[in-house]
Amino acid sequence: MTGIREDFLSVGASAARLLREPAVSEAWSKPSALEEFSVGGLAGHLAYQVLAIPEIVAAPVPTEPTISVLDHYARVEWIDAGLDDEISLRIRSGGDLVAADGPVVLADRLDAALDQLTAGLPEIADRPVRISLWGPWSLMLDDMLLTRLMELAVHSDDLAVSVGLPTPELPPRAVETVLGLLTRLSVRRHGASAVLRTLSRAERAPGTITAF
């Protein structure tokens, strides 16, 4: 099994443990650290990053063009969307829907999906897959898992902060992979000089180099 698949499963398991923390269920209906997201909705969005994968690998190989990860992020609507834009509303409502049956059911579903993927992912070729809501394009499976790994890492931090828990410590290789993707996206958004200066020269650093 490839490193990206091992890291995806490992970070997914970390997210599953976070969902079972009492602090998450106790704050389920409260606002999260992400504006307009409840803790439950954020938990649903976090879990969806794993829950979506069994369905997409079971689907027929798509006929839509297969693009690179960076091309994918150039096309998705959510990066520059406002809180009240349709895509942002759809993402939040999707998280609420996934979490609708509560924290215990959600955690059980996530554990079951991880068990299924742990058994099945090693046998699946790195082939095109897609999430239909995104648009008319596909990603290679390992690239898809890279995007989901980044979402799991970022939103695990969001959820932990939302309920006053320490951010889960993730495997070093997974962290390096996520930071590599975010750095590439930051360079694309702000330029290489801005990222270089922020990492090396505080006196010349711009105000932000956020990837999104």
# chains A, B, ... in the order shown; residues from 1 in each chain; ligands from 1

call {"tool": "residues_around", "arguments": {"residues": "Pro206 (chain A)", "least_positions_apart": "4", "cutoff": "9 Å", "atoms": "only C-alpha atoms", "output": "list in words"}}
result
Ala194, Val195, Arg197, Thr198 and Ala202 of chain A

call {"tool": "write_last_selection", "arguments": {"atoms": "C-alpha atoms", "output": "mmCIF file, in the first residue's frame"}}
result
data_model
loop_
_atom_site.group_PDB
_atom_site.id
_atom_site.type_symbol
_atom_site.label_atom_id
_atom_site.label_comp_id
_atom_site.auth_asym_id
_atom_site.auth_seq_id
_atom_site.Cartn_x
_atom_site.Cartn_y
_atom_site.Cartn_z
ATOM 1 C CA ALA A 194 6.052 35.981 -0.339
ATOM 2 C CA VAL A 195 6.309 32.407 0.943
ATOM 3 C CA ARG A 197 10.163 35.752 2.996
ATOM 4 C CA THR A 198 7.535 34.563 5.475
ATOM 5 C CA ALA A 202 10.135 38.118 9.461
#

call {"tool": "select_by_dssp", "arguments": {"residues": "region 15-104 of chain A", "states": "alpha helix (DSSP H)", "output": "number ranges by chain"}}
result
A: 15-19, 22-26, 39-58, 69-75, 86-98, 103-104

call {"tool": "write_last_selection", "arguments": {"atoms": "C-alpha atoms", "output": "PDB file, in the first residue's frame"}}
result
ATOM      1  CA  ALA A  15     -10.177  11.837  13.409  1.00  0.00           C
ATOM      2  CA  ALA A  16     -12.362   8.933  14.509  1.00  0.00           C
ATOM      3  CA  ARG A  17     -10.795   8.997  17.971  1.00  0.00           C
ATOM      4  CA  LEU A  18     -11.361  12.745  18.146  1.00  0.00           C
ATOM      5  CA  LEU A  19     -15.046  12.295  17.335  1.00  0.00           C
ATOM      6  CA  PRO A  22     -16.711  13.578  25.346  1.00  0.00           C
ATOM      7  CA  ALA A  23     -15.943  17.256  24.700  1.00  0.00           C
ATOM      8  CA  VAL A  24     -17.169  16.861  21.109  1.00  0.00           C
ATOM      9  CA  SER A  25     -20.542  15.369  22.018  1.00  0.00           C
ATOM     10  CA  GLU A  26     -20.999  17.875  24.845  1.00  0.00           C
ATOM     11  CA  VAL A  39     -19.481  21.596  16.213  1.00  0.00           C
ATOM     12  CA  GLY A  40     -21.698  18.795  14.930  1.00  0.00           C
ATOM     13  CA  GLY A  41     -21.675  20.144  11.393  1.00  0.00           C
ATOM     14  CA  LEU A  42     -17.899  20.471  11.473  1.00  0.00           C
ATOM     15  CA  ALA A  43     -17.622  16.906  12.792  1.00  0.00           C
ATOM     16  CA  GLY A  44     -19.826  15.747   9.925  1.00  0.00           C
ATOM     17  CA  HIS A  45     -17.663  17.581   7.411  1.00  0.00           C
ATOM     18  CA  LEU A  46     -14.540  16.039   8.949  1.00  0.00           C
ATOM     19  CA  ALA A  47     -15.977  12.523   8.823  1.00  0.00           C
ATOM     20  CA  TYR A  48     -17.150  12.974   5.232  1.00  0.00           C
ATOM     21  CA  GLN A  49     -13.546  13.121   4.058  1.00  0.00           C
ATOM     22  CA  VAL A  50     -13.380   9.385   4.806  1.00  0.00           C
ATOM     23  CA  LEU A  51     -17.032   8.438   4.310  1.00  0.00           C
ATOM     24  CA  ALA A  52     -16.961   9.618   0.692  1.00  0.00           C
ATOM     25  CA  ILE A  53     -14.146   7.276  -0.350  1.00  0.00           C
ATOM     26  CA  PRO A  54     -15.874   3.840  -0.290  1.00  0.00           C
ATOM     27  CA  GLU A  55     -18.596   5.181  -2.561  1.00  0.00           C
ATOM     28  CA  ILE A  56     -16.268   6.742  -5.101  1.00  0.00           C
ATOM     29  CA  VAL A  57     -13.991   3.695  -5.357  1.00  0.00           C
ATOM     30  CA  ALA A  58     -17.045   1.473  -5.853  1.00  0.00           C
ATOM     31  CA  VAL A  69      -4.119  18.232  -7.835  1.00  0.00           C
ATOM     32  CA  LEU A  70      -3.134  21.855  -8.488  1.00  0.00           C
ATOM     33  CA  ASP A  71      -5.509  22.040 -11.453  1.00  0.00           C
ATOM     34  CA  HIS A  72      -8.207  20.686  -9.161  1.00  0.00           C
ATOM     35  CA  TYR A  73      -7.686  23.511  -6.681  1.00  0.00           C
ATOM     36  CA  ALA A  74      -7.729  26.017  -9.531  1.00  0.00           C
ATOM     37  CA  ARG A  75     -11.250  24.830 -10.409  1.00  0.00           C
ATOM     38  CA  GLU A  86     -24.180  28.735  -2.603  1.00  0.00           C
ATOM     39  CA  ILE A  87     -21.142  26.467  -2.407  1.00  0.00           C
ATOM     40  CA  SER A  88     -20.447  27.488   1.217  1.00  0.00           C
ATOM     41  CA  LEU A  89     -24.061  26.888   2.181  1.00  0.00           C
ATOM     42  CA  ARG A  90     -23.942  23.490   0.479  1.00  0.00           C
ATOM     43  CA  ILE A  91     -20.790  22.486   2.341  1.00  0.00           C
ATOM     44  CA  ARG A  92     -22.266  23.452   5.706  1.00  0.00           C
ATOM     45  CA  SER A  93     -25.600  21.774   5.026  1.00  0.00           C
ATOM     46  CA  GLY A  94     -23.720  18.675   3.898  1.00  0.00           C
ATOM     47  CA  GLY A  95     -21.844  18.543   7.182  1.00  0.00           C
ATOM     48  CA  ASP A  96     -25.094  18.923   9.105  1.00  0.00           C
ATOM     49  CA  LEU A  97     -26.684  16.129   7.089  1.00  0.00           C
ATOM     50  CA  VAL A  98     -23.800  13.721   7.677  1.00  0.00           C
ATOM     51  CA  PRO A 103     -21.946  11.863  17.517  1.00  0.00           C
ATOM     52  CA  VAL A 104     -22.145   8.162  18.393  1.00  0.00           C
TER      53      VAL A 104
END

call {"tool": "residues_around", "arguments": {"residues": "Leu170 (chain A)", "least_positions_apart": "4", "cutoff": "7 Å", "atoms": "only C-alpha atoms", "output": "mmCIF file with N, CA, C and O atoms, in the first residue's frame"}}
result
data_model
loop_
_atom_site.group_PDB
_atom_site.id
_atom_site.type_symbol
_atom_site.label_atom_id
_atom_site.label_comp_id
_atom_site.auth_asym_id
_atom_site.auth_seq_id
_atom_site.Cartn_x
_atom_site.Cartn_y
_atom_site.Cartn_z
ATOM 1 N N VAL A 11 -4.541 9.076 9.623
ATOM 2 C CA VAL A 11 -5.135 10.354 10.035
ATOM 3 C C VAL A 11 -6.652 10.225 10.135
ATOM 4 O O VAL A 11 -7.283 10.865 10.986
ATOM 5 N N ALA A 174 2.707 12.268 7.316
ATOM 6 C CA ALA A 174 1.435 12.869 6.917
ATOM 7 C C ALA A 174 1.499 14.385 7.041
ATOM 8 O O ALA A 174 1.006 15.114 6.169
ATOM 9 N N VAL A 175 2.091 14.868 8.128
ATOM 10 C CA VAL A 175 2.226 16.309 8.312
ATOM 11 C C VAL A 175 3.070 16.916 7.197
ATOM 12 O O VAL A 175 2.713 17.960 6.619
#

call {"tool": "closest_residue", "arguments": {"among": "A:Val178, A:Val76, A:Phe212, A:Ala107", "to": "Trp134 (chain A)", "atoms": "only C-alpha atoms"}}
result
A:Val76

call {"tool": "closest_residue", "arguments": {"among": "A:Ala100, A:Ile131, A:Leu34, A:Ala112", "to": "Leu83 (chain A)", "atoms": "only C-alpha atoms"}}
result
A:Leu34

call {"tool": "closest_residue", "arguments": {"among": "A:Trp78, A:Leu165, A:Arg184, A:Ala99", "to": "Leu133 (chain A)", "atoms": "only C-alpha atoms"}}
result
A:Trp78

call {"tool": "closest_residue", "arguments": {"among": "A:Ile79, A:Leu152, A:Ile124, A:Val129", "to": "Thr210 (chain A)", "atoms": "only C-alpha atoms"}}
result
A:Ile79
